[in-house]
>>> print(open('structure-v4.txt').read())   # compact mmCIF, C-alpha atoms
# COMPACT_ATOMS: atom_id res chain seq x y z
CA MET I 1 -13.50 13.01 15.76
CA ARG I 2 -13.97 9.41 14.63
CA ARG I 3 -13.80 10.55 11.02
CA THR I 4 -10.58 12.49 11.60
CA ARG I 5 -9.02 9.40 13.18
CA LEU I 6 -10.11 7.31 10.22
CA VAL I 7 -8.60 9.83 7.81
CA PHE I 8 -5.27 9.68 9.63
CA LEU I 9 -5.31 5.92 9.90
CA VAL I 10 -5.85 5.52 6.15
CA LEU I 11 -3.20 8.14 5.38
CA VAL I 12 -0.72 6.35 7.63
CA LEU I 13 -1.51 3.00 6.00
CA VAL I 14 -1.00 4.21 2.44
CA ALA I 15 2.08 6.24 3.39
CA ALA I 16 3.57 3.07 4.87
CA ALA I 17 2.47 0.85 1.99
CA TYR I 18 4.03 2.95 -0.77
CA PRO I 19 7.71 2.64 0.27
CA VAL I 20 7.25 -1.05 1.16
CA ILE I 21 5.91 -1.78 -2.33
CA ALA I 22 8.34 0.55 -4.10
CA PHE I 23 11.22 -1.24 -2.39
CA GLN I 24 10.08 -4.54 -3.91
CA THR I 25 10.78 -3.17 -7.39
CA PRO I 26 14.37 -3.18 -8.64
CA PRO I 27 16.34 0.06 -8.41
CA GLY I 28 15.55 2.24 -11.36
CA PHE I 29 11.85 2.62 -10.62
CA PHE I 30 10.78 5.29 -13.02
CA GLU I 31 7.62 7.25 -13.37
CA GLY I 32 6.90 6.44 -16.97
CA PHE I 33 7.96 9.43 -18.96
CA CYS I 34 11.04 7.41 -19.87
CA PRO I 35 9.65 4.57 -21.98
CA PRO I 36 11.07 1.16 -21.07
CA VAL I 37 14.13 0.34 -23.13
CA ASP I 38 14.55 -3.14 -24.57
CA TYR I 39 18.28 -3.13 -23.91
CA LYS I 40 20.28 -6.01 -25.36
CA PHE I 41 22.98 -7.15 -22.97
CA LEU I 42 26.03 -9.13 -24.03
CA LYS I 43 26.21 -10.46 -20.46
CA PRO I 44 22.68 -9.98 -19.06
CA PRO I 45 22.35 -9.19 -15.34
CA PRO I 46 20.44 -11.79 -13.25
CA GLN I 47 17.08 -10.01 -13.50
CA VAL I 48 17.20 -9.84 -17.32
CA LYS I 49 16.47 -12.85 -19.51
CA ALA I 50 19.04 -13.58 -22.20
CA GLY I 51 17.67 -12.53 -25.58
CA THR I 52 18.90 -11.15 -28.87
CA PRO I 53 22.60 -10.24 -28.65
CA PRO I 54 23.52 -6.57 -29.08
CA GLY I 55 24.43 -5.28 -32.50
CA ALA I 56 27.76 -3.99 -33.74
CA ALA I 57 28.50 -1.15 -36.16
CA HIS I 58 30.78 -0.74 -39.13
CA GLY I 59 31.25 2.46 -41.09
CA ASP I 60 33.18 3.17 -44.29
CA ILE I 61 33.47 6.93 -44.18
CA LYS I 62 34.20 8.64 -47.48
CA ILE I 63 36.91 11.16 -48.11
CA ILE I 64 35.63 14.52 -49.33
CA HIS I 65 37.27 17.84 -50.16
CA ASP I 66 36.78 20.95 -48.06
CA THR I 67 36.29 24.45 -49.53
CA THR I 68 40.04 24.82 -50.10
CA GLY I 69 40.20 21.51 -51.94
CA ARG I 70 41.95 19.67 -49.10
CA PRO I 71 40.88 16.03 -48.70
CA ILE I 72 39.26 15.35 -45.33
CA VAL I 73 37.23 12.59 -43.68
CA SER I 74 33.52 13.22 -44.22
CA PRO I 75 31.25 14.06 -41.24
CA GLY I 76 28.71 11.47 -40.15
CA PHE I 77 27.86 8.89 -37.55
CA VAL I 78 28.23 5.20 -36.93
CA ALA I 79 25.52 3.47 -34.89
CA THR I 80 25.14 -0.11 -33.73
CA ALA I 81 22.63 -2.26 -35.60
CA ASP I 82 19.96 -2.45 -32.88
CA ASP I 83 16.31 -1.39 -33.21
CA ASN I 84 17.26 1.54 -31.01
CA PRO I 85 21.03 2.00 -31.49
CA GLN I 86 22.77 1.24 -28.20
CA ALA I 87 26.02 3.00 -29.11
CA GLN I 88 26.53 5.79 -31.58
CA LEU I 89 29.57 7.86 -32.51
CA SER I 90 28.91 11.16 -34.32
CA PHE I 91 31.69 13.25 -35.76
CA ILE I 92 32.27 16.52 -37.56
CA PRO I 93 34.23 16.98 -40.84
CA ASP I 94 37.96 16.25 -40.55
CA ALA I 95 37.52 14.53 -37.17
CA PHE I 96 39.97 11.75 -38.11
CA GLN I 97 43.44 11.79 -39.59
CA LEU I 98 43.36 11.27 -43.36
CA PRO I 99 43.84 7.58 -44.26
CA ALA I 100 46.77 6.81 -46.52
CA GLY I 101 46.21 6.33 -50.24
CA GLY I 102 42.77 7.94 -50.36
CA ALA I 103 41.16 4.94 -48.66
CA ASP I 104 37.92 5.29 -46.69
CA GLU I 105 38.06 5.85 -42.95
CA ILE I 106 36.97 2.63 -41.23
CA ILE I 107 35.15 2.91 -37.92
CA ASP I 108 33.89 -0.08 -35.93
CA ILE I 109 31.89 -0.30 -32.71
CA LYS I 110 31.65 -3.77 -31.14
CA PRO I 111 30.21 -4.96 -27.84
CA VAL I 112 33.01 -6.90 -26.14
CA ALA I 113 33.13 -9.39 -23.30
CA ASP I 114 36.84 -8.95 -22.63
CA TYR I 115 37.85 -5.52 -21.46
CA PRO I 116 40.07 -3.90 -18.82
CA ALA I 117 38.92 -4.65 -15.26
CA ALA I 118 36.70 -1.94 -13.80
CA PRO I 119 37.16 -2.05 -10.02
CA GLY I 120 34.96 0.40 -8.13
CA ILE I 121 32.58 0.90 -11.05
CA SER I 122 29.13 -0.64 -11.45
CA VAL I 123 28.82 -1.17 -15.18
CA VAL I 124 25.22 -0.84 -16.38
CA THR I 125 25.71 -1.10 -20.16
CA ASN I 126 27.66 -3.31 -22.51
CA VAL I 127 31.29 -2.37 -22.95
CA TYR I 128 31.86 -1.17 -26.51
CA LEU I 129 35.21 -1.17 -28.26
CA VAL I 130 35.37 1.74 -30.72
CA THR I 131 38.16 1.52 -33.29
CA SER I 132 39.09 3.63 -36.29
CA SER I 133 41.62 3.10 -39.07
CA THR I 134 43.33 6.43 -38.25
CA PRO I 135 43.51 8.39 -34.97
CA MET I 136 40.73 10.79 -33.97
CA THR I 137 41.92 14.38 -34.23
CA LYS I 138 38.80 16.34 -33.23
CA THR I 139 36.27 15.83 -30.47
CA SER I 140 33.38 13.53 -31.37
CA ASN I 141 30.13 12.73 -29.61
CA LEU I 142 29.47 9.30 -28.14
CA ARG I 143 25.97 8.31 -27.05
CA LEU I 144 25.17 5.16 -25.11
CA LEU I 145 21.70 3.83 -24.45
CA TYR I 146 21.10 2.22 -21.05
CA SER I 147 18.55 -0.16 -19.65
CA THR I 148 15.73 1.12 -17.47
CA VAL I 149 15.80 -1.98 -15.26
CA LEU I 150 19.18 -1.04 -13.79
CA PRO I 151 20.18 2.10 -11.90
CA ALA I 152 20.85 5.03 -14.19
CA PRO I 153 24.55 5.61 -14.89
CA SER I 154 26.25 8.78 -13.72
CA ASN I 155 28.98 8.81 -16.37
CA ILE I 156 30.42 7.30 -19.50
CA TYR I 157 33.84 5.78 -18.79
CA VAL I 158 36.73 5.29 -21.20
CA ALA I 159 39.74 2.96 -21.09
CA GLN I 160 42.54 2.00 -23.43
CA GLN I 161 43.81 -1.56 -23.87
CA GLY I 162 45.47 -2.55 -20.58
CA GLY I 163 44.72 0.83 -19.00
CA SER I 164 42.37 1.94 -16.26
CA TRP I 165 38.89 3.42 -16.63
CA ARG I 166 38.36 7.17 -16.49
CA ALA I 167 35.01 8.95 -16.03
CA LEU I 168 34.10 11.46 -18.74
CA PRO I 169 31.82 14.44 -18.10
CA SER I 170 28.47 13.14 -19.33
CA SER I 171 24.92 14.34 -19.73
CA ALA I 172 21.51 12.97 -20.62
CA SER I 173 20.89 13.53 -24.28
CA THR I 174 17.70 15.00 -25.65
CA SER I 175 17.42 12.54 -28.53
CA THR I 176 15.67 9.71 -26.73
CA GLY I 177 14.93 11.37 -23.41
CA CYS I 178 16.32 9.96 -20.22
CA SER I 179 17.50 6.48 -21.16
CA ASP I 180 20.66 7.52 -22.88
CA ILE I 181 23.82 9.34 -21.89
CA SER I 182 26.33 11.12 -24.06
CA THR I 183 29.81 12.55 -23.80
CA GLN I 184 32.55 14.16 -25.84
CA VAL I 185 35.43 11.84 -26.74
CA ASN I 186 38.92 12.62 -28.05
CA SER I 187 40.03 9.11 -28.82
CA THR I 188 38.77 5.66 -29.61
CA GLY I 189 38.97 2.85 -27.02
CA TYR I 190 36.68 0.96 -24.65
CA PHE I 191 33.54 2.78 -23.54
CA MET I 192 30.75 1.94 -21.11
CA ALA I 193 28.31 3.71 -18.80
CA GLY I 194 28.18 3.14 -15.06
CA TYR I 195 28.45 4.68 -11.63
CA PRO I 196 30.95 4.45 -8.76
CA THR I 197 30.24 1.30 -6.74
CA SER I 198 31.34 2.98 -3.51
CA SER I 199 28.10 4.97 -3.43
CA THR I 200 26.10 1.75 -3.05
CA SER I 201 28.38 -0.40 -0.94
CA SER I 202 28.64 2.24 1.76
CA ASN I 203 24.92 2.43 2.47
CA GLY I 204 23.84 -1.02 1.35
CA GLY I 205 20.64 0.50 0.10
CA THR I 206 20.49 -0.95 -3.36
CA ARG I 207 19.21 -4.34 -2.32
CA VAL I 208 15.77 -5.16 -3.54
CA GLY I 209 13.64 -5.48 -0.44
CA GLY I 210 15.26 -2.63 1.43
CA GLY I 211 17.00 -4.53 4.25
CA GLN I 212 17.37 -2.64 7.53
CA LEU I 213 16.73 0.63 5.80
CA LEU I 214 13.10 -0.16 5.07
CA PRO I 215 11.66 0.42 8.57
CA ILE I 216 13.38 3.81 8.73
CA VAL I 217 12.02 4.78 5.32
CA VAL I 218 8.51 3.66 6.24
CA ALA I 219 8.63 5.55 9.53
CA LEU I 220 9.86 8.66 7.73
CA ALA I 221 7.10 8.37 5.12
CA ILE I 222 4.44 8.11 7.81
CA LEU I 223 5.90 11.02 9.75
CA ILE I 224 6.06 13.26 6.68
CA VAL I 225 2.50 12.51 5.55
CA VAL I 226 1.02 12.87 9.03
CA LEU I 227 2.87 16.12 9.67
CA ALA I 228 1.64 17.49 6.36
CA GLY I 229 -1.86 16.11 6.89
CA VAL I 230 -2.54 17.48 10.39
CA PRO I 231 -3.03 21.15 9.48
CA LEU I 232 -5.20 20.35 6.45
CA ALA I 233 -7.31 17.85 8.35
CA VAL I 234 -7.87 20.36 11.15
CA VAL I 235 -8.84 23.05 8.66
CA ARG I 236 -11.16 20.62 6.90
CA ARG I 237 -12.81 19.62 10.17
CA ARG I 238 -13.43 23.25 11.08
CA GLN I 239 -14.91 23.88 7.64
CA ALA I 240 -17.15 20.83 7.95
CA ALA I 241 -18.33 21.99 11.37
CA ALA I 242 -19.08 25.45 10.02
CA GLU I 243 -20.99 23.96 7.05
CA GLU I 244 -23.08 21.82 9.42
CA ASP I 245 -24.30 24.93 11.26
CA PRO I 246 -23.95 27.84 8.84
CA ALA I 247 -26.42 30.07 10.70
CA GLU I 248 -24.30 30.12 13.81
CA PRO I 249 -21.14 32.21 13.57
CA ARG I 250 -18.04 30.28 14.69
CA ARG I 251 -16.97 32.92 17.20
CA GLY I 252 -20.37 32.76 18.90
CA LYS I 253 -20.16 29.00 19.04
CA ARG I 254 -16.77 29.13 20.71
CA ARG I 255 -18.00 31.68 23.24
CA ARG I 256 -20.97 29.49 24.13
CA ASN I 257 -18.72 26.48 24.56
CA ARG I 258 -16.41 28.46 26.78
CA ARG I 259 -19.35 29.50 28.98
CA ARG I 260 -20.34 25.87 29.31
CA THR I 261 -16.93 24.89 30.58
CA MET Z 1 -22.84 6.78 -14.93
CA VAL Z 2 -22.38 7.39 -18.66
CA ARG Z 3 -20.17 10.36 -17.87
CA LEU Z 4 -18.12 8.25 -15.45
CA GLY Z 5 -17.63 5.49 -18.03
CA PHE Z 6 -16.68 8.04 -20.66
CA ILE Z 7 -14.09 9.72 -18.41
CA ALA Z 8 -12.56 6.38 -17.38
CA PHE Z 9 -12.37 5.24 -21.01
CA LEU Z 10 -10.93 8.59 -22.09
CA VAL Z 11 -8.15 8.89 -19.51
CA ILE Z 12 -6.94 5.30 -19.95
CA SER Z 13 -7.11 5.59 -23.75
CA VAL Z 14 -5.09 8.81 -23.72
CA GLU Z 15 -2.43 7.18 -21.50
CA TRP Z 16 -2.22 4.16 -23.80
CA ALA Z 17 -2.09 6.34 -26.91
CA ARG Z 18 0.70 8.33 -25.28
CA ALA Z 19 2.68 5.16 -24.54
CA LEU Z 20 2.29 3.93 -28.13
CA ALA Z 21 3.19 7.36 -29.54
CA GLU Z 22 6.29 7.46 -27.33
CA LYS Z 23 7.53 4.25 -28.88
CA ALA Z 24 6.83 5.48 -32.40
CA ASN Z 25 7.81 9.16 -32.26
CA GLY Z 26 10.03 9.62 -29.22
CA PRO Z 27 9.01 10.61 -25.73
CA ILE Z 28 9.05 14.40 -25.59
CA PRO Z 29 6.21 15.35 -27.99
CA ALA Z 30 4.14 12.31 -26.98
CA ILE Z 31 4.42 13.06 -23.27
CA ALA Z 32 3.70 16.77 -23.65
CA LEU Z 33 0.69 16.20 -25.93
CA GLY Z 34 -0.54 13.33 -23.74
CA GLY Z 35 -0.35 15.58 -20.68
CA LEU Z 36 -2.31 18.32 -22.43
CA ALA Z 37 -4.95 15.82 -23.59
CA LEU Z 38 -5.30 14.45 -20.06
CA GLY Z 39 -5.66 17.99 -18.73
CA LEU Z 40 -8.56 18.52 -21.14
CA CYS Z 41 -10.44 15.70 -19.36
CA ALA Z 42 -10.96 18.11 -16.48
CA LEU Z 43 -12.74 20.68 -18.66
CA GLY Z 44 -16.29 21.44 -17.55
CA TRP Z 45 -15.67 20.69 -13.87
CA ARG Z 46 -15.78 23.39 -11.21
CA PRO Z 47 -12.27 23.88 -9.71
CA GLU Z 48 -13.69 23.10 -6.24
CA ALA Z 49 -15.06 19.76 -7.47
CA LEU Z 50 -11.58 18.88 -8.70
CA GLY Z 51 -9.98 19.86 -5.37
CA LEU Z 52 -8.46 23.01 -6.81
CA SER Z 53 -9.67 25.61 -4.34
CA ARG Z 54 -7.22 28.39 -3.45
CA ARG Z 55 -8.10 28.16 0.23
CA ASN Z 56 -5.05 27.31 2.41
CA LEU Z 57 -2.85 27.33 -0.68
CA GLY Z 58 0.34 27.62 1.38
CA LEU Z 59 -0.54 24.50 3.36
CA LYS Z 60 -1.40 22.65 0.17
CA LEU Z 61 1.93 23.56 -1.43
CA LEU Z 62 3.72 22.33 1.67
CA ALA Z 63 1.67 19.14 1.47
CA GLY Z 64 2.85 18.75 -2.13
CA LEU Z 65 6.46 18.89 -0.91
CA ALA Z 66 5.64 16.26 1.72
CA LEU Z 67 4.00 13.96 -0.83
CA ALA Z 68 7.00 14.40 -3.17
CA ALA Z 69 9.31 13.50 -0.28
CA VAL Z 70 7.38 10.28 0.34
CA LEU Z 71 7.24 9.37 -3.36
CA LEU Z 72 10.97 9.98 -3.66
CA LEU Z 73 12.07 8.25 -0.44
CA PRO Z 74 12.61 4.77 -1.93
CA ALA Z 75 14.54 6.20 -4.87
CA ALA Z 76 16.49 8.58 -2.62
CA VAL Z 77 17.88 5.86 -0.37
CA ARG Z 78 18.97 3.87 -3.44
CA TRP Z 79 20.29 6.92 -5.24
CA GLN Z 80 23.31 6.32 -7.44
CA GLY Z 81 23.45 9.66 -9.15
CA ALA Z 82 21.99 10.15 -12.59
CA PRO Z 83 22.24 12.69 -15.36
CA MET Z 84 19.97 15.73 -15.08
CA LEU Z 85 16.82 15.62 -17.21
CA PRO Z 86 17.24 17.77 -20.30
CA ALA Z 87 15.00 20.86 -20.28
CA PRO Z 88 12.46 19.68 -22.91
CA MET Z 89 12.03 16.40 -21.03
CA ALA Z 90 11.70 18.24 -17.70
CA ILE Z 91 8.93 20.44 -19.12
CA SER Z 92 7.17 17.37 -20.54
CA ALA Z 93 7.46 15.66 -17.15
CA VAL Z 94 5.70 18.56 -15.44
CA VAL Z 95 3.00 18.70 -18.14
CA ILE Z 96 2.23 14.99 -17.86
CA ALA Z 97 2.20 15.11 -14.04
CA VAL Z 98 -0.32 17.96 -14.03
CA GLY Z 99 -2.38 16.29 -16.77
CA GLU Z 100 -2.47 12.93 -14.98
CA GLU Z 101 -3.52 14.51 -11.69
CA LEU Z 102 -6.28 16.56 -13.34
CA ALA Z 103 -7.54 13.46 -15.16
CA PHE Z 104 -7.18 10.69 -12.55
CA ARG Z 105 -7.42 12.43 -9.16
CA GLY Z 106 -9.41 15.33 -10.58
CA ALA Z 107 -12.16 14.45 -13.06
CA LEU Z 108 -12.24 10.66 -12.64
CA PHE Z 109 -12.06 10.89 -8.84
CA ALA Z 110 -14.89 13.44 -8.75
CA ALA Z 111 -17.07 11.36 -11.07
CA LEU Z 112 -16.45 8.17 -9.06
CA GLU Z 113 -17.10 9.94 -5.75
CA ALA Z 114 -20.36 11.37 -7.06
CA ALA Z 115 -21.48 7.94 -8.29
CA TRP Z 116 -20.30 5.54 -5.59
CA GLY Z 117 -18.64 7.49 -2.78
CA PRO Z 118 -15.09 8.13 -1.59
CA VAL Z 119 -13.88 4.50 -1.25
CA ALA Z 120 -14.75 3.81 -4.88
CA ALA Z 121 -13.15 7.12 -5.85
CA VAL Z 122 -9.82 6.30 -4.15
CA LEU Z 123 -9.68 2.67 -5.30
CA GLY Z 124 -11.09 3.32 -8.77
CA SER Z 125 -8.81 6.23 -9.56
CA ALA Z 126 -5.75 4.29 -8.33
CA LEU Z 127 -6.69 1.20 -10.39
CA ALA Z 128 -7.31 3.35 -13.46
CA PHE Z 129 -3.96 5.08 -12.85
CA ALA Z 130 -2.20 1.69 -12.80
CA ALA Z 131 -4.17 0.51 -15.86
CA GLY Z 132 -3.18 3.69 -17.69
CA HIS Z 133 0.48 2.79 -17.16
CA LEU Z 134 0.12 -0.78 -18.46
CA LEU Z 135 1.76 0.01 -21.78
CA SER Z 136 4.40 2.45 -20.54
CA HIS Z 137 5.68 0.45 -17.55
CA PRO Z 138 7.06 -3.07 -17.24
CA PRO Z 139 4.66 -5.24 -15.17
CA LEU Z 140 7.19 -5.29 -12.33
CA PHE Z 141 6.65 -1.58 -11.68
CA LEU Z 142 2.85 -1.51 -11.81
CA LEU Z 143 2.33 -2.33 -8.13
CA ALA Z 144 4.44 0.67 -7.20
CA VAL Z 145 2.37 2.81 -9.57
CA LEU Z 146 -0.80 1.50 -7.91
CA ALA Z 147 0.61 2.29 -4.46
CA ALA Z 148 1.53 5.81 -5.57
CA GLY Z 149 -2.00 6.21 -6.97
CA LEU Z 150 -3.48 5.09 -3.66
CA LEU Z 151 -1.33 7.52 -1.68
CA LEU Z 152 -2.26 10.47 -3.89
CA GLY Z 153 -5.92 9.39 -4.00
CA VAL Z 154 -6.19 9.07 -0.24
CA TRP Z 155 -4.64 12.50 0.13
CA ARG Z 156 -7.15 13.89 -2.38
CA TRP Z 157 -9.97 12.42 -0.28
CA ALA Z 158 -8.54 13.26 3.14
CA ALA Z 159 -7.72 16.89 2.40
CA ARG Z 160 -10.16 17.43 -0.50
CA ASP Z 161 -7.13 18.78 -2.28
CA LEU Z 162 -5.55 18.24 -5.68
CA VAL Z 163 -2.85 20.92 -5.38
CA GLY Z 164 -0.72 18.71 -3.10
CA PRO Z 165 -0.86 15.68 -5.43
CA ILE Z 166 -0.06 17.88 -8.46
CA VAL Z 167 2.97 19.42 -6.78
CA GLY Z 168 4.13 16.10 -5.32
CA HIS Z 169 3.69 14.20 -8.59
CA ALA Z 170 5.45 16.89 -10.65
CA LEU Z 171 8.43 17.07 -8.27
CA ALA Z 172 8.71 13.29 -8.19
CA ASP Z 173 8.60 13.10 -12.00
CA LEU Z 174 11.32 15.73 -12.30
CA THR Z 175 13.60 13.91 -9.91
CA LEU Z 176 13.02 10.22 -10.62
>>> encode(input="structure-v4.txt", output="structure tokens")
Amino acid sequence: MRRTRLVFLVLVLVAAAYPVIAFQTPPGFFEGFCPPVDYKFLKPPPQVKAGTPPGAAHGDIKIIHDTTGRPIVSPGFVATADDNPQAQLSFIPDAFQLPAGGADEIIDIKPVADYPAAPGISVVTNVYLVTSSTPMTKTSNLRLLYSTVLPAPSNIYVAQQGGSWRALPSSASTSTGCSDISTQVNSTGYFMAGYPTSSTSSNGGTRVGGGQLLPIVVALAILIVVLAGVPLAVVRRRQAAAEEDPAEPRRGKRRRNRRRT
Amino acid sequence: MVRLGFIAFLVISVEWARALAEKANGPIPAIALGGLALGLCALGWRPEALGLSRRNLGLKLLAGLALAAVLLLPAAVRWQGAPMLPAPMAISAVVIAVGEELAFRGALFAALEAAWGPVAAVLGSALAFAAGHLLSHPPLFLLAVLAAGLLLGVWRWAARDLVGPIVGHALADLTL
């Protein structure tokens, strides 16, 4: 009996300790199969030390001829000059209007500090301005890397100069695992990854430390572990009792106890 | 004692090699191979010694759900929405979760318990689990890893069960 109590006490303690400690880490606690990303912020958030600025990208894309001899913009990609490119635009053949005079297609990706206001969106990456010398005519793929010390973004957003931000259907890409997000784009413009702020302001749960939510979480954790532990502990106790006295069948033992009472 | 030292050295080395390989070659192959290598650490042990008995399997699976719920609680209340894990990464996440449980709460726990008893097994396996994540996690997250290791280790001791920690760890990895 004493041992069972000890088991429960220890279980309760560790079940309570885990959420308390996990709440002391910033949101974005990850298990480790996503390697930490050394993300370079143009405007670092408070918990990130300012370091190397993020890279930009410039691409001179050649003009080639398709099978019918028509000149088209070559397929390819343009990626920012970071160790692990933080923004990358990939495109198929003929994805851009043909530049005049046989000139190369010029594509630039720059992290920018001035961009359209993003009310209601928590921005978790740099904002990148993607420009091209001629308009995009076919869908291209845009991939953005994001930092693992901030909450994961739910979408990539796009905006035009002076316009408002619009969420694009986005998915985690398989290239680097779970620290990047990609989407299909039909135009150039401002791009960033983020999530709707309303989802955090309504519950106030993103604060490091947990606030008023912490006691509820701890109580829930204890309840869940104890509820799950009771049946197994009882089974284990019965097994231990049976192992202590293997010669005596359990039914017989119960009968004898009943007679005593 | 030699066996214990060998297992501890092996599991931490495999975790560190996995972290270095992830940085060099991308996460998916490194995680999957690391998980398989960790799983091999449990070779030669009887399933019962690792906590893998089939007795009360239903209860143990339910316990796994409960452990996953506790591991996910802090993330759940701060949930912002995130993209789904791509399938290859999800498979790798399950492989590494199973491998880590077999290595840390399975073989290492059993060796520590045999040498120094259950307290050393719980504390030692949790410390080794945190040490194994030194290269893959920023220092800020290591305390939470240690706390998760303690929770899973105490469960392993309290219920003599590794099925619950495997299920809980795998579900948490898939979701976090």
>>> residues_around(input="structure-v4.txt", residues="Ala49 (chain Z)", least_positions_apart="5", cutoff="10 Å", atoms="only C-alpha atoms", output="VMD selection string")
chain Z and resid 106 to 107 109 to 111 114 160 to 162
>>> write_last_selection(input="structure-v4.txt", atoms="C-alpha atoms", output="mmCIF file, keeping the file's coordinate frame")
data_model
loop_
_atom_site.group_PDB
_atom_site.id
_atom_site.type_symbol
_atom_site.label_atom_id
_atom_site.label_comp_id
_atom_site.auth_asym_id
_atom_site.auth_seq_id
_atom_site.Cartn_x
_atom_site.Cartn_y
_atom_site.Cartn_z
ATOM 1 C CA GLY Z 106 -9.410 15.330 -10.580
ATOM 2 C CA ALA Z 107 -12.160 14.450 -13.060
ATOM 3 C CA PHE Z 109 -12.060 10.890 -8.840
ATOM 4 C CA ALA Z 110 -14.890 13.440 -8.750
ATOM 5 C CA ALA Z 111 -17.070 11.360 -11.070
ATOM 6 C CA ALA Z 114 -20.360 11.370 -7.060
ATOM 7 C CA ARG Z 160 -10.160 17.430 -0.500
ATOM 8 C CA ASP Z 161 -7.130 18.780 -2.280
ATOM 9 C CA LEU Z 162 -5.550 18.240 -5.680
#
>>> residues_around(input="structure-v4.txt", residues="Pro93 (chain I)", least_positions_apart="6", cutoff="12 Å", atoms="only C-alpha atoms", output="list of chain:residue names")
I:Ile61, I:Lys62, I:Ile63, I:Ile64, I:His65, I:Asp66, I:Thr67, I:Arg70, I:Pro71, I:Ile72, I:Val73, I:Ser74, I:Pro75, I:Gly76, I:Phe77, I:Glu105, I:Met136, I:Thr137, I:Lys138, I:Thr139, I:Ser140
>>> residues_around(input="structure-v4.txt", residues="Val95 (chain Z)", least_positions_apart="6", cutoff="12 Å", atoms="only C-alpha atoms", output="ChimeraX atom specification")
/I:33 /Z:28-40,88-89,101-102,166-167,169-171,173-174
>>> residues_around(input="structure-v4.txt", residues="Ile107 (chain I)", least_positions_apart="4", cutoff="6 Å", atoms="only C-alpha atoms", output="ChimeraX atom specification")
/I:58-59,131-132
>>> closest_residue(input="structure-v4.txt", among="Z:Ala103, Z:Ile91, Z:Leu127, Z:Leu108", to="chain I", atoms="all atoms listed in the file")
Z:Ile91
>>> residues_around(input="structure-v4.txt", residues="region 4-20 of chain I", least_positions_apart="3", cutoff="7 Å", atoms="all atoms listed in the file", output="PyMOL selection string")
(chain I and resi 1+23-24+217-218+221-222+225-226) or (chain Z and resi 74+144+147-148+150-151+154-155+158)
>>> write_last_selection(input="structure-v4.txt", atoms="C-alpha atoms", output="CSV table (one decimal), keeping the file's coordinate frame")
chain,number,residue,atom,x,y,z
I,1,MET,CA,-13.5,13.0,15.8
I,23,PHE,CA,11.2,-1.2,-2.4
I,24,GLN,CA,10.1,-4.5,-3.9
I,217,VAL,CA,12.0,4.8,5.3
I,218,VAL,CA,8.5,3.7,6.2
I,221,ALA,CA,7.1,8.4,5.1
I,222,ILE,CA,4.4,8.1,7.8
I,225,VAL,CA,2.5,12.5,5.6
I,226,VAL,CA,1.0,12.9,9.0
Z,74,PRO,CA,12.6,4.8,-1.9
Z,144,ALA,CA,4.4,0.7,-7.2
Z,147,ALA,CA,0.6,2.3,-4.5
Z,148,ALA,CA,1.5,5.8,-5.6
Z,150,LEU,CA,-3.5,5.1,-3.7
Z,151,LEU,CA,-1.3,7.5,-1.7
Z,154,VAL,CA,-6.2,9.1,-0.2
Z,155,TRP,CA,-4.6,12.5,0.1
Z,158,ALA,CA,-8.5,13.3,3.1
>>> atom_distance(input="structure-v4.txt", atom1="CA of Ala22 (chain I)", atom2="CA of Gly117 (chain Z)")
27.9 Å
>>> axis_aligned_box(input="structure-v4.txt", around="region 148-158 of chain Z", padding_each_side="8 Å", output="AutoDock Vina command-line options")
--center_x -4.2 --center_y 9.5 --center_z -1.9 --size_x 27.5 --size_y 24.8 --size_z 26.1
>>> closest_residue(input="structure-v4.txt", among="I:Ala219, I:Ala152, I:Ala50, I:Val234", to="chain Z", atoms="all atoms listed in the file")
I:Ala152
>>> atom_distance(input="structure-v4.txt", atom1="CA of Ser133 (chain I)", atom2="CA of Leu89 (chain I)")
14.5 Å
>>> atom_distance(input="structure-v4.txt", atom1="CA of Ser53 (chain Z)", atom2="CA of Ile12 (chain Z)")
25.8 Å
>>> decode(input="structure-v4.txt", residues="region 140-160 of chain Z", atoms="C-alpha atoms", output="mmCIF file, in the first residue's frame")
data_model
loop_
_atom_site.group_PDB
_atom_site.id
_atom_site.type_symbol
_atom_site.label_atom_id
_atom_site.label_comp_id
_atom_site.auth_asym_id
_atom_site.auth_seq_id
_atom_site.Cartn_x
_atom_site.Cartn_y
_atom_site.Cartn_z
ATOM 1 C CA LEU Z 140 16.678 26.709 -23.671
ATOM 2 C CA PHE Z 141 14.673 23.587 -24.491
ATOM 3 C CA LEU Z 142 16.801 21.016 -22.676
ATOM 4 C CA LEU Z 143 15.042 21.379 -19.319
ATOM 5 C CA ALA Z 144 11.750 20.547 -20.989
ATOM 6 C CA VAL Z 145 13.385 17.515 -22.615
ATOM 7 C CA LEU Z 146 14.674 16.440 -19.188
ATOM 8 C CA ALA Z 147 11.197 16.875 -17.683
ATOM 9 C CA ALA Z 148 9.665 14.808 -20.489
ATOM 10 C CA GLY Z 149 12.321 12.142 -19.896
ATOM 11 C CA LEU Z 150 11.487 12.079 -16.191
ATOM 12 C CA LEU Z 151 7.763 11.735 -16.861
ATOM 13 C CA LEU Z 152 8.262 8.856 -19.293
ATOM 14 C CA GLY Z 153 10.881 7.239 -17.030
ATOM 15 C CA VAL Z 154 8.675 7.397 -13.956
ATOM 16 C CA TRP Z 155 5.852 5.856 -15.951
ATOM 17 C CA ARG Z 156 8.204 3.093 -17.123
ATOM 18 C CA TRP Z 157 9.084 2.385 -13.486
ATOM 19 C CA ALA Z 158 5.590 2.785 -12.032
ATOM 20 C CA ALA Z 159 3.804 0.582 -14.559
ATOM 21 C CA ARG Z 160 6.808 -1.508 -15.691
#
